[in-house]
>>> print(open('my_file.cif').read())   # mmCIF, C-alpha atoms
data_data
loop_
_atom_site.label_atom_id
_atom_site.label_comp_id
_atom_site.auth_asym_id
_atom_site.auth_seq_id
_atom_site.Cartn_x
_atom_site.Cartn_y
_atom_site.Cartn_z
CA MET O 120 0.00 0.00 0.00
CA GLY O 121 1.46 3.35 -1.06
CA ARG O 122 2.01 6.25 1.25
CA MET O 123 -1.04 8.52 1.63
CA SER O 124 -0.96 12.10 0.45
CA ALA O 125 -1.70 14.85 2.95
CA GLU O 126 -5.18 15.26 1.44
CA GLU O 127 -5.90 11.52 1.67
CA LEU O 128 -4.64 11.35 5.25
CA ARG O 129 -6.75 14.35 6.21
CA ALA O 130 -9.86 12.68 4.76
CA LYS O 131 -9.05 9.51 6.70
CA ILE O 132 -8.59 11.42 9.96
CA LEU O 133 -11.95 13.14 9.52
CA GLU O 134 -13.60 9.80 8.69
CA LEU O 135 -12.14 8.28 11.86
CA THR O 136 -13.24 11.32 13.88
CA ALA O 137 -16.83 10.70 12.80
CA GLU O 138 -16.45 7.04 13.71
CA TYR O 139 -15.06 8.00 17.12
CA TYR O 140 -18.13 10.16 17.76
CA ARG O 141 -20.42 7.24 16.97
CA LEU O 142 -18.52 4.97 19.36
CA ALA O 143 -18.01 7.42 22.21
CA HIS O 144 -20.68 10.11 22.10
CA GLU O 145 -23.71 9.01 20.08
CA PRO O 146 -26.86 9.04 22.24
CA GLY O 147 -27.22 5.27 21.92
CA GLN O 148 -23.83 4.85 23.58
CA GLN O 149 -24.80 6.86 26.67
CA LYS O 150 -26.20 5.41 29.88
CA ALA O 151 -29.99 5.20 30.00
CA PHE O 152 -31.77 7.70 32.24
CA VAL O 153 -32.74 6.21 35.61
CA PRO O 154 -35.15 8.39 37.66
CA GLY O 155 -33.65 9.23 41.02
CA GLU O 156 -30.20 7.95 40.01
CA SER O 157 -29.35 10.00 36.92
CA LYS O 158 -28.83 13.74 37.19
CA VAL O 159 -31.17 16.03 35.26
CA ASN O 160 -29.01 18.96 34.20
CA TYR O 161 -30.65 22.32 33.51
CA ALA O 162 -28.74 22.54 30.21
CA GLY O 163 -25.96 20.92 28.22
CA ARG O 164 -24.27 20.46 24.87
CA VAL O 165 -26.16 18.80 22.03
CA PHE O 166 -23.91 17.82 19.14
CA ASP O 167 -23.08 15.09 16.65
CA GLU O 168 -20.16 14.04 14.47
CA LYS O 169 -20.29 17.25 12.41
CA GLU O 170 -19.04 19.40 15.29
CA MET O 171 -16.18 17.00 16.00
CA VAL O 172 -15.25 16.73 12.32
CA ASN O 173 -15.23 20.52 11.93
CA LEU O 174 -13.18 20.92 15.10
CA THR O 175 -10.61 18.41 13.88
CA ASP O 176 -10.57 19.97 10.43
CA ALA O 177 -9.76 23.37 11.94
CA ALA O 178 -7.07 21.84 14.16
CA LEU O 179 -5.41 20.24 11.11
CA ASP O 180 -5.24 23.66 9.45
CA PHE O 181 -3.51 24.91 12.62
CA TRP O 182 -4.43 28.49 11.74
CA LEU O 183 -5.88 28.79 15.27
CA THR O 184 -6.95 32.45 15.22
CA TYR O 185 -9.68 34.15 13.13
CA GLY O 186 -9.89 32.42 9.73
CA ARG O 187 -12.15 30.67 7.23
CA TYR O 188 -14.52 29.13 9.76
CA SER O 189 -14.83 32.46 11.59
CA ARG O 190 -15.74 34.24 8.36
CA GLU O 191 -18.23 31.50 7.48
CA PHE O 192 -19.89 31.67 10.88
CA GLU O 193 -20.23 35.46 10.78
CA ARG O 194 -21.73 35.33 7.30
CA LYS O 195 -24.20 32.56 8.11
CA LEU O 196 -25.29 34.08 11.44
CA ALA O 197 -25.95 37.42 9.73
CA GLU O 198 -27.93 35.64 7.00
CA TYR O 199 -29.95 33.72 9.57
CA LEU O 200 -30.84 36.85 11.53
CA GLY O 201 -31.41 38.98 8.45
CA VAL O 202 -28.84 41.63 9.41
CA LYS O 203 -25.92 43.03 7.44
CA TYR O 204 -23.11 42.38 9.88
CA ALA O 205 -22.13 39.88 12.57
CA LEU O 206 -18.84 39.86 14.45
CA LEU O 207 -17.61 36.77 16.29
CA VAL O 208 -16.16 37.29 19.78
CA ASN O 209 -14.88 35.08 22.57
CA SER O 210 -17.93 35.17 24.90
CA GLY O 211 -21.37 36.65 25.42
CA SER O 212 -19.95 38.88 28.16
CA SER O 213 -17.37 40.17 25.66
CA ALA O 214 -20.22 40.73 23.21
CA ASN O 215 -21.97 42.97 25.74
CA LEU O 216 -18.71 44.78 26.47
CA LEU O 217 -18.09 45.33 22.76
CA ALA O 218 -21.67 46.45 22.07
CA PHE O 219 -21.55 49.04 24.83
CA ALA O 220 -18.01 50.19 24.00
CA THR O 221 -19.09 50.73 20.40
CA LEU O 222 -21.58 53.38 21.54
CA THR O 223 -18.82 55.34 23.29
CA SER O 224 -16.89 55.99 20.06
CA PRO O 225 -16.07 59.61 19.12
CA LEU O 226 -17.17 58.70 15.59
CA LEU O 227 -20.78 58.90 16.83
CA GLY O 228 -20.49 62.59 17.64
CA GLU O 229 -22.97 63.99 20.16
CA ARG O 230 -24.91 60.73 20.32
CA ARG O 231 -22.01 58.81 21.82
CA ILE O 232 -22.18 57.71 25.44
CA LYS O 233 -19.81 59.66 27.66
CA ARG O 234 -18.84 59.21 31.29
CA GLY O 235 -21.72 60.34 33.49
CA ASP O 236 -24.36 59.64 30.84
CA GLU O 237 -27.20 57.32 31.80
CA VAL O 238 -28.16 53.89 30.47
CA ILE O 239 -31.57 52.43 31.37
CA THR O 240 -31.50 48.77 32.38
CA VAL O 241 -32.84 46.34 35.02
CA ALA O 242 -31.38 44.87 38.22
CA CYS O 243 -33.10 41.51 37.63
CA ALA O 244 -30.38 40.46 35.20
CA PHE O 245 -27.11 38.72 34.52
CA PRO O 246 -24.32 41.05 35.72
CA THR O 247 -22.45 41.39 32.43
CA THR O 248 -25.41 43.20 30.90
CA VAL O 249 -24.69 46.02 33.35
CA ALA O 250 -20.97 45.69 34.10
CA PRO O 251 -19.69 47.52 30.97
CA VAL O 252 -21.80 50.57 31.85
CA ILE O 253 -20.30 50.82 35.33
CA GLN O 254 -16.78 49.94 34.22
CA TYR O 255 -16.82 52.74 31.65
CA GLY O 256 -18.07 55.34 34.13
CA ALA O 257 -21.59 55.76 32.78
CA VAL O 258 -24.57 55.56 35.15
CA PRO O 259 -26.99 52.61 35.01
CA VAL O 260 -30.58 53.49 35.84
CA PHE O 261 -32.50 50.51 37.18
CA ALA O 262 -36.17 50.09 36.28
CA ASP O 263 -38.45 47.36 37.58
CA VAL O 264 -39.49 44.31 35.57
CA ASP O 265 -42.95 43.24 34.52
CA ALA O 266 -44.38 40.66 36.94
CA ARG O 267 -45.79 38.48 34.14
CA THR O 268 -42.71 38.22 31.91
CA ALA O 269 -39.68 39.06 34.13
CA ASN O 270 -38.69 41.55 31.42
CA ILE O 271 -38.28 45.30 31.67
CA ASP O 272 -41.65 46.93 32.35
CA PRO O 273 -42.28 49.44 29.51
CA GLU O 274 -44.40 51.53 31.87
CA GLU O 275 -41.29 52.18 33.98
CA LEU O 276 -39.24 53.65 31.14
CA GLU O 277 -40.54 57.20 31.46
CA LYS O 278 -39.69 57.17 35.18
CA ALA O 279 -36.14 56.14 34.33
CA TYR O 280 -35.61 58.77 31.63
CA SER O 281 -33.65 61.96 32.20
CA PRO O 282 -31.87 64.46 29.91
CA LYS O 283 -28.70 62.42 30.55
CA SER O 284 -30.20 59.22 29.10
CA LYS O 285 -28.34 57.87 26.07
CA ALA O 286 -29.33 54.20 25.75
CA VAL O 287 -31.44 51.27 26.90
CA MET O 288 -29.50 48.04 27.44
CA VAL O 289 -31.58 45.04 28.53
CA ALA O 290 -31.87 41.30 27.95
CA HIS O 291 -34.69 39.08 26.73
CA THR O 292 -35.18 37.09 29.93
CA LEU O 293 -34.70 33.32 29.50
CA GLY O 294 -35.53 33.59 25.79
CA ASN O 295 -38.76 35.48 26.43
CA PRO O 296 -38.79 38.70 24.34
CA PHE O 297 -39.44 41.96 26.15
CA ASP O 298 -42.05 44.32 24.70
CA LEU O 299 -39.89 45.38 21.77
CA ARG O 300 -42.53 47.58 20.16
CA LYS O 301 -42.94 49.80 23.22
CA VAL O 302 -39.25 49.85 24.10
CA LYS O 303 -38.29 50.67 20.52
CA GLU O 304 -40.85 53.49 20.37
CA PHE O 305 -39.52 54.89 23.65
CA CYS O 306 -35.95 54.86 22.30
CA GLU O 307 -37.04 56.55 19.07
CA LYS O 308 -38.99 59.20 21.01
CA TYR O 309 -35.86 60.31 22.87
CA GLY O 310 -33.18 59.38 20.34
CA LEU O 311 -31.70 56.64 22.52
CA PHE O 312 -29.62 53.67 21.41
CA LEU O 313 -31.09 50.23 22.04
CA ILE O 314 -28.77 47.32 22.85
CA GLU O 315 -30.56 43.95 22.92
CA ASP O 316 -28.79 41.40 25.08
CA ASN O 317 -29.96 38.39 23.09
CA CYS O 318 -27.66 35.92 24.85
CA ASP O 319 -30.55 33.80 26.16
CA ALA O 320 -32.88 34.28 23.21
CA LEU O 321 -31.25 33.38 19.88
CA GLY O 322 -34.07 32.20 17.60
CA SER O 323 -36.83 34.06 19.47
CA ARG O 324 -39.12 36.36 17.48
CA TYR O 325 -41.27 39.40 18.18
CA GLU O 326 -43.91 40.32 15.59
CA GLY O 327 -42.22 37.76 13.34
CA LYS O 328 -38.80 39.44 13.49
CA TYR O 329 -35.84 37.91 15.30
CA THR O 330 -34.89 39.36 18.65
CA GLY O 331 -31.51 41.00 18.61
CA THR O 332 -32.32 42.72 15.31
CA TRP O 333 -34.79 45.35 16.52
CA GLY O 334 -32.27 47.58 18.23
CA ASP O 335 -29.06 49.23 17.13
CA ILE O 336 -26.92 46.31 18.30
CA GLY O 337 -27.69 42.75 19.41
CA THR O 338 -25.49 40.29 21.30
CA SER O 339 -25.33 36.51 21.64
CA SER O 340 -23.54 34.00 23.85
CA PHE O 341 -22.38 30.56 22.75
CA TYR O 342 -21.52 29.17 26.19
CA PRO O 343 -22.55 25.48 26.48
CA PRO O 344 -26.03 26.04 28.04
CA HIS O 345 -27.07 28.50 25.34
CA HIS O 346 -29.06 28.05 22.15
CA LEU O 347 -25.95 26.99 20.29
CA THR O 348 -22.46 26.46 21.63
CA MET O 349 -18.80 26.84 20.78
CA GLY O 350 -17.73 26.07 24.36
CA GLU O 351 -16.92 29.74 24.76
CA GLY O 352 -17.96 32.37 22.23
CA GLY O 353 -20.33 35.17 21.40
CA ALA O 354 -21.36 37.59 18.68
CA VAL O 355 -22.32 41.20 18.10
CA TYR O 356 -24.63 42.06 15.20
CA THR O 357 -26.01 45.21 13.63
CA GLY O 358 -27.39 46.64 10.41
CA ASP O 359 -25.53 49.94 10.79
CA PRO O 360 -22.25 50.16 8.80
CA LEU O 361 -20.78 52.79 11.13
CA LEU O 362 -21.50 50.73 14.24
CA LYS O 363 -19.98 47.70 12.49
CA LYS O 364 -16.84 49.68 11.64
CA ILE O 365 -16.47 50.84 15.25
CA ALA O 366 -17.18 47.38 16.72
CA LEU O 367 -14.64 45.74 14.40
CA SER O 368 -12.00 48.27 15.44
CA ILE O 369 -12.65 47.84 19.17
CA ARG O 370 -12.82 44.04 18.90
CA ASP O 371 -9.43 43.99 17.12
CA TRP O 372 -7.21 46.04 19.49
CA GLY O 373 -8.79 49.39 18.51
CA ARG O 374 -6.98 49.43 15.18
CA GLU O 375 -7.95 51.57 12.21
CA CYS O 376 -7.08 48.77 9.75
CA TRP O 377 -9.75 46.24 8.76
CA CYS O 378 -7.53 43.59 7.14
CA ASP O 379 -8.13 39.99 8.20
CA SER O 380 -5.36 38.31 10.15
CA GLY O 381 -2.48 37.51 7.81
CA VAL O 382 -3.76 39.88 5.10
CA ASP O 383 -2.11 43.19 4.21
CA ASN O 384 -3.19 46.38 2.42
CA SER O 385 -6.91 45.72 1.89
CA CYS O 386 -7.36 49.49 1.72
CA GLY O 387 -4.78 49.89 -1.05
CA CYS O 388 -3.20 52.87 0.75
CA ARG O 389 -1.34 51.25 3.60
CA PHE O 390 1.61 53.69 3.49
CA THR O 391 0.09 56.82 1.95
CA ARG O 392 -2.42 58.31 4.39
CA GLN O 393 -2.29 60.73 7.31
CA PHE O 394 -3.74 59.68 10.70
CA GLY O 395 -3.86 61.95 13.73
CA LYS O 396 -0.43 63.46 14.38
CA LEU O 397 1.44 60.44 13.04
CA PRO O 398 3.95 60.88 10.22
CA LEU O 399 2.45 60.81 6.73
CA GLY O 400 2.39 57.24 5.45
CA TYR O 401 2.60 55.57 8.87
CA ASP O 402 1.70 51.87 8.44
CA HIS O 403 -2.12 51.63 8.44
CA LYS O 404 -1.93 48.24 10.19
CA TYR O 405 -0.58 49.96 13.30
CA VAL O 406 -2.86 52.97 13.52
CA TYR O 407 -5.34 52.92 16.45
CA SER O 408 -8.58 54.88 16.29
CA HIS O 409 -10.06 53.48 19.54
CA PHE O 410 -8.90 52.13 22.87
CA GLY O 411 -9.82 48.53 22.13
CA TYR O 412 -9.35 44.92 23.14
CA ASN O 413 -8.61 41.57 21.57
CA LEU O 414 -12.01 39.85 21.81
CA LYS O 415 -11.75 37.46 18.86
CA ALA O 416 -12.68 33.79 19.15
CA THR O 417 -10.52 30.98 17.77
CA GLU O 418 -10.97 29.03 14.54
CA MET O 419 -11.72 25.87 16.51
CA GLN O 420 -14.61 27.58 18.30
CA ALA O 421 -15.96 28.95 15.02
CA ALA O 422 -15.71 25.51 13.40
CA VAL O 423 -17.95 24.05 16.11
CA GLY O 424 -20.30 27.02 15.76
CA CYS O 425 -20.73 26.47 12.02
CA ALA O 426 -21.99 22.93 12.65
CA GLN O 427 -24.20 24.11 15.53
CA LEU O 428 -25.77 26.87 13.46
CA GLU O 429 -27.13 24.26 11.04
CA LYS O 430 -29.08 22.75 13.96
CA LEU O 431 -30.48 25.99 15.38
CA GLU O 432 -33.97 25.62 13.90
CA LYS O 433 -34.21 22.10 15.29
CA PHE O 434 -32.96 23.27 18.67
CA THR O 435 -35.52 26.08 18.73
CA ALA O 436 -38.37 23.69 17.91
CA ALA O 437 -37.28 21.37 20.74
CA ARG O 438 -37.14 24.21 23.26
CA LYS O 439 -40.66 25.32 22.33
CA LYS O 440 -41.97 21.77 22.53
CA ASN O 441 -40.40 21.14 25.93
CA TYR O 442 -41.73 24.42 27.32
CA ALA O 443 -45.24 23.60 26.14
CA TYR O 444 -45.04 20.13 27.73
CA LEU O 445 -43.90 21.49 31.10
CA LYS O 446 -46.56 24.18 31.08
CA GLU O 447 -49.29 21.69 30.21
CA HIS O 448 -48.42 19.52 33.22
CA LEU O 449 -47.60 22.22 35.79
CA HIS O 450 -49.98 25.11 35.08
CA ASP O 451 -52.68 23.86 37.46
CA LEU O 452 -50.54 23.89 40.60
CA PRO O 453 -52.03 26.63 42.83
CA GLU O 454 -48.75 27.25 44.66
CA LEU O 455 -46.78 28.12 41.53
CA GLU O 456 -47.06 30.92 39.00
CA ILE O 457 -45.63 30.24 35.55
CA PHE O 458 -44.25 33.24 33.71
CA ASP O 459 -45.99 34.33 30.53
CA LYS O 460 -45.08 35.85 27.16
CA TYR O 461 -46.45 38.78 25.19
CA PRO O 462 -48.99 37.82 22.49
CA GLU O 463 -46.69 39.26 19.80
CA SER O 464 -43.72 37.12 20.83
CA GLU O 465 -42.58 33.64 19.89
CA PRO O 466 -39.91 32.68 22.44
CA SER O 467 -37.13 30.19 21.95
CA TRP O 468 -37.16 29.42 25.66
CA PHE O 469 -33.92 29.15 27.61
CA GLY O 470 -35.56 27.92 30.81
CA PHE O 471 -38.89 27.28 32.52
CA LEU O 472 -39.40 30.05 35.08
CA MET O 473 -41.74 29.72 38.07
CA THR O 474 -42.52 31.73 41.19
CA VAL O 475 -43.69 30.32 44.52
CA LYS O 476 -46.79 32.38 45.31
CA GLY O 477 -47.35 34.26 48.51
CA GLY O 478 -49.30 32.10 50.95
CA ALA O 479 -47.83 28.84 49.67
CA PRO O 480 -46.99 26.39 52.50
CA PHE O 481 -43.34 26.28 51.42
CA THR O 482 -40.59 28.60 50.24
CA ARG O 483 -38.69 28.71 46.96
CA ASN O 484 -35.57 27.37 48.66
CA GLU O 485 -37.44 24.48 50.24
CA LEU O 486 -38.73 23.43 46.82
CA THR O 487 -35.41 23.85 45.04
CA GLU O 488 -33.53 22.00 47.79
CA TYR O 489 -35.97 19.11 47.39
CA LEU O 490 -35.46 19.05 43.64
CA GLU O 491 -31.67 19.22 43.99
CA LYS O 492 -31.73 16.32 46.48
CA ASN O 493 -33.59 14.39 43.79
CA LEU O 494 -30.82 15.22 41.27
CA ILE O 495 -32.78 17.90 39.40
CA GLN O 496 -30.72 21.01 38.75
CA THR O 497 -32.41 24.33 39.45
CA ARG O 498 -31.32 27.91 38.93
CA ASN O 499 -32.41 31.25 40.34
CA LEU O 500 -33.03 34.02 37.84
CA PHE O 501 -29.35 34.99 37.72
CA ALA O 502 -28.52 37.85 40.09
CA GLY O 503 -32.13 38.28 41.23
CA ASN O 504 -31.43 41.87 42.22
CA LEU O 505 -27.96 43.09 41.30
CA LEU O 506 -28.21 45.95 43.78
CA LYS O 507 -28.09 43.49 46.68
CA HIS O 508 -24.77 41.93 45.63
CA PRO O 509 -21.36 42.65 47.18
CA CYS O 510 -20.13 44.29 43.97
CA PHE O 511 -22.46 47.24 44.65
CA GLU O 512 -21.18 47.87 48.16
CA THR O 513 -18.54 50.32 46.93
CA LEU O 514 -20.99 52.22 44.69
CA GLN O 515 -23.05 55.21 45.76
CA GLU O 516 -26.71 55.46 44.79
CA GLY O 517 -27.49 58.72 43.07
CA VAL O 518 -23.90 59.06 41.90
CA ASP O 519 -22.77 55.74 40.44
CA TYR O 520 -26.28 54.47 39.69
CA ARG O 521 -29.97 55.42 40.00
CA VAL O 522 -33.03 53.37 40.91
CA THR O 523 -36.62 54.13 39.89
CA GLY O 524 -38.57 53.20 43.02
CA GLU O 525 -38.55 50.10 45.21
CA LEU O 526 -38.41 47.48 42.40
CA PRO O 527 -41.09 45.26 43.99
CA ASN O 528 -41.26 42.74 41.13
CA THR O 529 -37.48 42.44 41.08
CA GLU O 530 -37.54 41.76 44.82
CA ASN O 531 -40.23 39.12 44.44
CA ILE O 532 -38.25 37.30 41.74
CA MET O 533 -35.09 37.44 43.85
CA ASN O 534 -36.88 35.85 46.80
CA ASN O 535 -39.38 33.48 45.24
CA SER O 536 -38.54 32.53 41.62
CA PHE O 537 -36.50 29.70 40.08
CA TRP O 538 -36.25 27.83 36.81
CA ILE O 539 -35.61 24.35 35.48
CA GLY O 540 -34.19 23.21 32.17
CA LEU O 541 -35.84 22.47 28.85
CA TYR O 542 -32.85 22.37 26.50
CA PRO O 543 -32.95 20.18 23.35
CA GLY O 544 -31.18 17.30 25.09
CA MET O 545 -33.99 17.04 27.67
CA SER O 546 -35.77 13.75 26.92
CA LYS O 547 -39.44 13.13 27.72
CA ASP O 548 -38.58 10.82 30.62
CA LYS O 549 -36.51 13.60 32.20
CA LEU O 550 -39.34 16.08 31.72
CA ASP O 551 -41.79 13.62 33.25
CA TYR O 552 -39.47 13.05 36.20
CA MET O 553 -39.18 16.80 36.90
CA ILE O 554 -42.95 17.18 36.64
CA SER O 555 -43.58 14.27 39.00
CA LYS O 556 -41.17 15.58 41.64
CA ILE O 557 -42.56 19.12 41.56
CA ARG O 558 -46.13 17.84 41.83
CA GLU O 559 -45.11 15.40 44.57
CA PHE O 560 -43.54 18.16 46.65
CA CYS O 561 -46.54 20.47 46.26
CA ARG O 562 -48.95 17.68 47.11
CA ASN O 563 -47.03 16.60 50.23
CA SER O 564 -46.58 20.17 51.47
#
>>> encode(input="my_file.cif", output="structure tokens")
Amino acid sequence: MGRMSAEELRAKILELTAEYYRLAHEPGQQKAFVPGESKVNYAGRVFDEKEMVNLTDAALDFWLTYGRYSREFERKLAEYLGVKYALLVNSGSSANLLAFATLTSPLLGERRIKRGDEVITVACAFPTTVAPVIQYGAVPVFADVDARTANIDPEELEKAYSPKSKAVMVAHTLGNPFDLRKVKEFCEKYGLFLIEDNCDALGSRYEGKYTGTWGDIGTSSFYPPHHLTMGEGGAVYTGDPLLKKIALSIRDWGRECWCDSGVDNSCGCRFTRQFGKLPLGYDHKYVYSHFGYNLKATEMQAAVGCAQLEKLEKFTAARKKNYAYLKEHLHDLPELEIFDKYPESEPSWFGFLMTVKGGAPFTRNELTEYLEKNLIQTRNLFAGNLLKHPCFETLQEGVDYRVTGELPNTENIMNNSFWIGLYPGMSKDKLDYMISKIREFCRNS
């Protein structure tokens, strides 16, 4: 047998990678679910041989940084969402950082966010939706959430507004779209930017249009529990060419140049232009128009993401189906309130959120402790109320942040709400087990 060429060997390696998946990871090779003995995770990776083949293919290239798979993922994500531009980054938290930093660029003139300007948001959130605002020196203004949806209450927006307001930056809670029509109209009324933290809601729609595409900028996370995964990863997307230009610069060290890694002179005038007070003809690749970061993902992450993106519609359908099944079998429990959606929205649910009602003979923690003892993972709604966390102890209300009232719905969620999983890998027997244990606890209490 003759020696294989590099191309033939590569094909063989990829063939064996697919075979390895079937032997080691295919669902039929996994242990069967045993109620009370097997753990029911709130989320997890769902993948097949395509992710492993892509990952190996990228590793064999050994390009490692931004490359062909990264470009493919950005193009296909933008096509899926129906936006002009998508930029791949290394996490959803980095996506939020990049989205906010983009709106501080001097290229935006008087609209740009400056230190001391205000950004309307909620305290019932994941911290990295708010962290970039504080880290930059802007002032977050915390409005309460709607009791039915756990999303920002549109009726609270006017209370939060001031002449210093420059933007609204909020998330679609657990895949459930906030009232985009009212929030968008509010932003247009006052000329505010809208950043949609879409990290928990990729594939959700409002009035038929994907969440993350209504505002000026949308963000996604590709951490393993999310709607698709790269292990770590995220994205920023927009339809505005200026915002895309700024975001690309800040993502890539703040540079003025837009060449891909390993490419030179895309502009055709690398050594002929004047920038700032630099000498005429200073190398365009080393001109910096922003104070930026390096937030790029790797080729291996992007390779996995490309395979995951092909499954997104199937994942979304599974999430909707699992949510409907849980709601059908838990909605009649008088002790629990199940969160609702707006009629105009079509959520791709991230989790199944419930609140223990006032007057129930048990607390949220008693129920979640029971479920955890029975190997069912539960989660609170992230920070519950960010203002109660140690990170706020060094901040001064009225100076570093503002609050619009007592935030009663935020407080209720912090004290009484929790959620369980419904990700695409959640089989019917796991759903039935969670239902039976919740009903059993309520009945025995």
>>> residues_around(input="my_file.cif", residues="Tyr405 (chain O)", least_positions_apart="6", cutoff="8 Å", atoms="all atoms listed in the file", output="MDAnalysis selection string")
chainID O and resid 374:376
>>> atom_distance(input="my_file.cif", atom1="CA of Gly424 (chain O)", atom2="CA of Gly337 (chain O)")
17.8 Å
>>> closest_residue(input="my_file.cif", among="O:Tyr161, O:Phe511, O:Tyr461, O:Phe481", to="Arg300 (chain O)", atoms="all atoms listed in the file")
O:Tyr461
>>> closest_residue(input="my_file.cif", among="O:Met545, O:Ala366, O:Leu200, O:Ala143", to="Thr330 (chain O)", atoms="all atoms listed in the file")
O:Leu200
>>> residues_around(input="my_file.cif", residues="Asn215 (chain O)", least_positions_apart="2", cutoff="12 Å", atoms="all atoms listed in the file", output="PyMOL selection string")
chain O and resi 208-213+217-222+245-252+288-290+314-318+336-340+352-356+366+370+414
>>> atom_distance(input="my_file.cif", atom1="CA of Asn160 (chain O)", atom2="CA of Leu445 (chain O)")
15.4 Å
>>> residues_around(input="my_file.cif", residues="Trp372 (chain O)", least_positions_apart="6", cutoff="8 Å", atoms="all atoms listed in the file", output="compact mmCIF listing (two decimals) with C-alpha atoms, keeping the file's coordinate frame")
# COMPACT_ATOMS: atom_id res chain seq x y z
CA TYR O 407 -5.34 52.92 16.45
CA HIS O 409 -10.06 53.48 19.54
CA PHE O 410 -8.90 52.13 22.87
CA GLY O 411 -9.82 48.53 22.13
CA TYR O 412 -9.35 44.92 23.14
CA ASN O 413 -8.61 41.57 21.57
>>> closest_residue(input="my_file.cif", among="O:Ser385, O:Asn535, O:Thr417, O:Asn504", to="Lys476 (chain O)", atoms="all atoms listed in the file")
O:Asn535
>>> resolve_selection(input="my_file.cif", expression="the PyMOL selection byres ((chain O and resi 468) around 12)", output="ChimeraX atom specification")
/O:162,291-296,317-324,344-346,434-443,445,458-460,464-467,469-472,538-543
>>> closest_residue(input="my_file.cif", among="O:Lys328, O:Lys308, O:Lys203, O:Lys195", to="Leu431 (chain O)", atoms="only C-alpha atoms")
O:Lys195
>>> decode(input="my_file.cif", residues="region 284-295 of chain O", atoms="N, CA, C and O atoms", output="mmCIF file, in the first residue's frame")
data_model
loop_
_atom_site.group_PDB
_atom_site.id
_atom_site.type_symbol
_atom_site.label_atom_id
_atom_site.label_comp_id
_atom_site.auth_asym_id
_atom_site.auth_seq_id
_atom_site.Cartn_x
_atom_site.Cartn_y
_atom_site.Cartn_z
ATOM 1 N N SER O 284 -30.016 60.557 29.663
ATOM 2 C CA SER O 284 -30.204 59.218 29.100
ATOM 3 C C SER O 284 -29.644 59.145 27.681
ATOM 4 O O SER O 284 -29.902 60.030 26.863
ATOM 5 N N LYS O 285 -28.907 58.072 27.408
ATOM 6 C CA LYS O 285 -28.345 57.871 26.071
ATOM 7 C C LYS O 285 -28.714 56.530 25.456
ATOM 8 O O LYS O 285 -28.628 56.368 24.245
ATOM 9 N N ALA O 286 -29.100 55.541 26.294
ATOM 10 C CA ALA O 286 -29.335 54.198 25.753
ATOM 11 C C ALA O 286 -30.198 53.386 26.701
ATOM 12 O O ALA O 286 -30.318 53.698 27.895
ATOM 13 N N VAL O 287 -30.798 52.339 26.138
ATOM 14 C CA VAL O 287 -31.442 51.271 26.904
ATOM 15 C C VAL O 287 -30.666 49.998 26.588
ATOM 16 O O VAL O 287 -30.445 49.677 25.411
ATOM 17 N N MET O 288 -30.248 49.287 27.627
ATOM 18 C CA MET O 288 -29.498 48.040 27.441
ATOM 19 C C MET O 288 -30.103 46.979 28.342
ATOM 20 O O MET O 288 -29.895 46.990 29.559
ATOM 21 N N VAL O 289 -30.879 46.067 27.760
ATOM 22 C CA VAL O 289 -31.581 45.040 28.532
ATOM 23 C C VAL O 289 -31.596 43.726 27.759
ATOM 24 O O VAL O 289 -31.411 43.682 26.537
ATOM 25 N N ALA O 290 -31.841 42.648 28.511
ATOM 26 C CA ALA O 290 -31.873 41.305 27.949
ATOM 27 C C ALA O 290 -33.296 40.813 27.770
ATOM 28 O O ALA O 290 -34.226 41.276 28.434
ATOM 29 N N HIS O 291 -33.446 39.849 26.874
ATOM 30 C CA HIS O 291 -34.691 39.081 26.734
ATOM 31 C C HIS O 291 -34.596 37.921 27.723
ATOM 32 O O HIS O 291 -33.846 36.960 27.512
ATOM 33 N N THR O 292 -35.348 37.994 28.798
ATOM 34 C CA THR O 292 -35.177 37.089 29.930
ATOM 35 C C THR O 292 -35.516 35.646 29.586
ATOM 36 O O THR O 292 -36.642 35.332 29.194
ATOM 37 N N LEU O 293 -34.529 34.770 29.721
ATOM 38 C CA LEU O 293 -34.700 33.322 29.499
ATOM 39 C C LEU O 293 -35.344 33.025 28.139
ATOM 40 O O LEU O 293 -36.135 32.093 28.017
ATOM 41 N N GLY O 294 -34.999 33.814 27.137
ATOM 42 C CA GLY O 294 -35.526 33.591 25.789
ATOM 43 C C GLY O 294 -36.860 34.232 25.519
ATOM 44 O O GLY O 294 -37.375 34.143 24.404
ATOM 45 N N ASN O 295 -37.435 34.882 26.540
ATOM 46 C CA ASN O 295 -38.765 35.480 26.431
ATOM 47 C C ASN O 295 -38.620 36.947 26.004
ATOM 48 O O ASN O 295 -38.133 37.762 26.789
#
